[in-house]
Structures are given as structure tokens and as C-alpha cells.
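**Student:** Okay, handing you the structure first.
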Amino acid sequence: MAVSDEDYPYLGVTFKNLSSSYMEAYGMPVGAYVLEVGEGTPAEKAGLLPYDIITHIDGVRISDYDDLVNELQYYKGGTEVEITLMRLEKGSYHEVKVTVTLGFKKNYS
């Protein structure tokens with residue numbers, strides 16, 4: 001069951017919705033592509049960076065932005081989640097795992 005508006009989580013990133021065919025054509029891992037990370041947000045505190053590609057949340061596969069939003073609706077703000085992402089370093093992608101304590105959307109609106 002989705003959480004209430006009062007408890008709705010906040011990550012603090014802006015995404016660019018890229019199609020899986022686009023990502024595949026450019027050799028990018030499939031996932032939710034992070035365009036920007038907000039200053040002082042849970043994502044920044046956890047070490048997420050622009051251009052990271054989120055592929056899993058607590059082991060659940062994330063194929064795109066919609067998957068991410070659909071998964072996050074079941075977590076309350078204040079919940080700690082493990083995010084698996086692919087980070088581009090020196091021309092190739094490497095898996096990185098970070099722990100994020102989700103914020104409350106109401107505190108960032």
C-alpha cells in the first residue's frame with residue numbers, strides 16, 4: 001500500500017527520462033538516469049552524483065524513472081534504503097551501493 005502524502009518520501013534528484021533503446025544504443029546500463037542532485041538533499045548526503053543510473057532499490061530492479069517512482073511510493077520518509085547504481089568512471093560503468101535515508105517530501109516542497 002502506498003504511503004500517505006504526510007509520509008511521502010523524498011530523494012532529492014532530478015531525472016532525465018531516457019528510453020531503454022536509447023540507453024542500450026549508447027552502451028548505458030538501463031535504469032533511472034540522474035540529471036541533477038539537489039544541494040542538502042538525502043541523495044547528496046548519501047553520495048549520489050549527476051549522471052548516476054539507479055538500477056535497484058532494496059534489491060528491486062529499476063528500469064526507468066517510472067519504476068523508481070512506483071517503488072518509492074511504498075517507503076515512508078525517514079526510511080533507510082539501499083540504492084544500487086551504475087557510475088561512469090574513466091569511460092566505463094561501475095556498480096556502487098549507497099544507503100540513503102529518505103527525507104519527507106513535505107519538508108522540501
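Lettering and numbering for the C-alpha cells are positional, with chains as A, B, ... in the shown order, residues counted from 1 in each chain, and ligands counted from 1 in the shown order.
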Find the residues around Glu6 (chain A) up to 10 Å (only C-alpha atoms counted), leave out those fewer than 5 positions away in its own chain, and share them as a list in words.

**Tutor:**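 My list of contacting residues is Lys76, Gly77, Phe104, Lys105, Lys106 and Asn107 of chain A.
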
**Student:** Please produce a file of the residues just selected, as a PDB file, in the first residue's frame, where the atoms kept are C-alpha atoms.

**Tutor:**
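Once written, out_19.pdb looks like this:
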```pdb
ATOM      1  CA  LYS A  76       7.915   6.364   4.294  1.00  0.00           C
ATOM      2  CA  GLY A  77      10.177   9.355   4.710  1.00  0.00           C
ATOM      3  CA  PHE A 104       9.892  13.711   3.783  1.00  0.00           C
ATOM      4  CA  LYS A 105       8.597  15.373   0.626  1.00  0.00           C
ATOM      5  CA  LYS A 106       6.571  17.843   2.721  1.00  0.00           C
ATOM      6  CA  ASN A 107       9.864  19.241   4.124  1.00  0.00           C
TER       7      ASN A 107
END
```

**Student:** Per residue of region 60-95 of chain A within 10 Å of region 38-55 of chain A, note the shortest atom pair and the distance in Å to one decimal, counting only C-alpha atoms, and order the rows by chain and increasing residue number, as CSV.

**Tutor:**
```
residue,atom,partner,partner_atom,distance
A:Val60,CA,A:Thr55,CA,8.3
A:Arg61,CA,A:Thr55,CA,5.9
A:Ile62,CA,A:Thr55,CA,4.8
A:Ser63,CA,A:Thr55,CA,6.5
A:Asp64,CA,A:Thr55,CA,8.2
A:Tyr65,CA,A:Ile54,CA,8.9
A:Asp67,CA,A:Thr55,CA,9.7
A:Leu68,CA,A:Ile54,CA,8.3
A:Gly78,CA,A:Pro42,CA,9.8
A:Glu82,CA,A:Ala46,CA,10.0
A:Ile83,CA,A:Ile54,CA,6.9
A:Thr84,CA,A:Thr55,CA,5.7
A:Leu85,CA,A:Ile54,CA,4.2
A:Met86,CA,A:Ile53,CA,5.1
A:Arg87,CA,A:Asp52,CA,4.9
A:Leu88,CA,A:Asp52,CA,7.0
A:Tyr93,CA,A:Asp52,CA,9.2
A:His94,CA,A:Asp52,CA,9.9
A:Glu95,CA,A:Thr55,CA,9.2
```

**Student:** Print the selection's residues with N, CA and C atoms to a file, as a tab-separated table (two decimals), in the first residue's frame.

**Tutor:**
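Below is the file that was written, result.tsv:
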```
chain	number	residue	atom	x	y	z
A	60	VAL	N	15.14	-4.34	-5.56
A	60	VAL	CA	14.10	-4.33	-6.58
A	60	VAL	C	14.63	-3.64	-7.83
A	61	ARG	N	14.51	-4.29	-8.98
A	61	ARG	CA	15.03	-3.78	-10.25
A	61	ARG	C	14.31	-2.50	-10.66
A	62	ILE	N	15.10	-1.49	-11.04
A	62	ILE	CA	14.57	-0.21	-11.53
A	62	ILE	C	15.00	-0.07	-12.99
A	63	SER	N	14.03	-0.01	-13.89
A	63	SER	CA	14.34	0.08	-15.32
A	63	SER	C	14.28	1.50	-15.85
A	64	ASP	N	13.51	2.37	-15.15
A	64	ASP	CA	13.36	3.74	-15.61
A	64	ASP	C	12.79	4.59	-14.47
A	65	TYR	N	12.57	5.87	-14.76
A	65	TYR	CA	12.05	6.81	-13.77
A	65	TYR	C	10.70	6.33	-13.20
A	67	ASP	N	9.55	3.32	-12.86
A	67	ASP	CA	9.79	2.23	-11.90
A	67	ASP	C	10.22	2.79	-10.55
A	68	LEU	N	11.09	3.79	-10.58
A	68	LEU	CA	11.59	4.39	-9.34
A	68	LEU	C	10.45	5.02	-8.55
A	78	GLY	N	12.13	9.00	6.11
A	78	GLY	CA	12.84	8.54	7.29
A	78	GLY	C	13.33	7.10	7.17
A	82	GLU	N	18.73	0.87	0.47
A	82	GLU	CA	19.98	0.68	-0.25
A	82	GLU	C	19.71	0.90	-1.74
A	83	ILE	N	20.45	1.81	-2.31
A	83	ILE	CA	20.33	2.10	-3.74
A	83	ILE	C	21.56	1.55	-4.44
A	84	THR	N	21.31	0.74	-5.46
A	84	THR	CA	22.39	0.26	-6.31
A	84	THR	C	22.36	1.12	-7.56
A	85	LEU	N	23.53	1.62	-7.93
A	85	LEU	CA	23.59	2.48	-9.10
A	85	LEU	C	24.82	2.14	-9.92
A	86	MET	N	24.80	2.60	-11.14
A	86	MET	CA	25.94	2.46	-12.02
A	86	MET	C	26.52	3.86	-12.22
A	87	ARG	N	27.82	3.97	-11.98
A	87	ARG	CA	28.51	5.27	-12.07
A	87	ARG	C	29.57	5.19	-13.16
A	88	LEU	N	29.56	6.21	-14.02
A	88	LEU	CA	30.53	6.28	-15.10
A	88	LEU	C	31.84	6.83	-14.56
A	93	TYR	N	31.17	1.96	-16.80
A	93	TYR	CA	30.26	1.98	-15.65
A	93	TYR	C	30.68	0.96	-14.60
A	94	HIS	N	30.58	1.39	-13.35
A	94	HIS	CA	30.91	0.53	-12.21
A	94	HIS	C	29.74	0.56	-11.23
A	95	GLU	N	29.44	-0.59	-10.63
A	95	GLU	CA	28.36	-0.66	-9.66
A	95	GLU	C	28.78	-0.05	-8.33
```

**Student:** Going by DSSP on the backbone, which bits of region 23-81 of chain A are alpha helix (DSSP H)? Write them as a ChimeraX atom specification, please.

**Tutor:** /A:23-25,42-46,65-72

**Student:** May I ask for the distance between CA of Thr101 (chain A) and CA of Gly59 (chain A), given in Å to one decimal place?

**Tutor:**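 If I compute the distance from CA of Thr101 (chain A) to CA of Gly59 (chain A), I get 15.8 Å.
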
**Student:** Rounded to one decimal, what separation in Å do you get between CA of Ala32 (chain A) and CA of Ser109 (chain A)?

**Tutor:**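 Rounded to one decimal, the two atoms are 21.7 Å apart.
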
**Student:** List every residue of chain A that DSSP, applied to the backbone of this structure, places in strand (DSSP E), and write the result as number ranges by chain.

**Tutor:** A: 9-10, 13-16, 32-37, 53-57, 60-61, 80-89, 92-101, 103-104

**Student:** Quick one: residues within 9 Å of region 15-23 of chain A, only C-alpha atoms counted, chain neighbours fewer than 4 positions away excluded, as a ChimeraX atom specification?

**Tutor:** /A:27-36,63-66

**Student:** Could you check how far CA of Thr79 (chain A) sits from CA of Gly103 (chain A), in Å to one decimal?

**Tutor:** 8.0 Å

**Student:** Please report as CSV every residue of region 46-80 of chain A lying within 12 Å of region 1-4 of chain A, along with the nearest atom pair and their distance in Å (one decimal), using only C-alpha atoms.

**Tutor:**
```
residue,atom,partner,partner_atom,distance
A:Val69,CA,A:Ala2,CA,10.9
A:Asn70,CA,A:Ala2,CA,9.0
A:Glu71,CA,A:Ala2,CA,9.1
A:Leu72,CA,A:Ala2,CA,8.6
A:Gln73,CA,A:Ala2,CA,5.1
A:Tyr74,CA,A:Ala2,CA,4.7
A:Tyr75,CA,A:Val3,CA,6.6
A:Lys76,CA,A:Val3,CA,6.2
A:Gly77,CA,A:Val3,CA,9.2
A:Thr79,CA,A:Val3,CA,11.8
```

**Student:** Choose the residue, out of A:Tyr10, A:Val37, A:His56, A:Ala25, that has the smallest atom-to-atom separation from Val96 (chain A); count only C-alpha atoms.

**Tutor:**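 With only C-alpha atoms as the atom set, the closest residue is A:His56.
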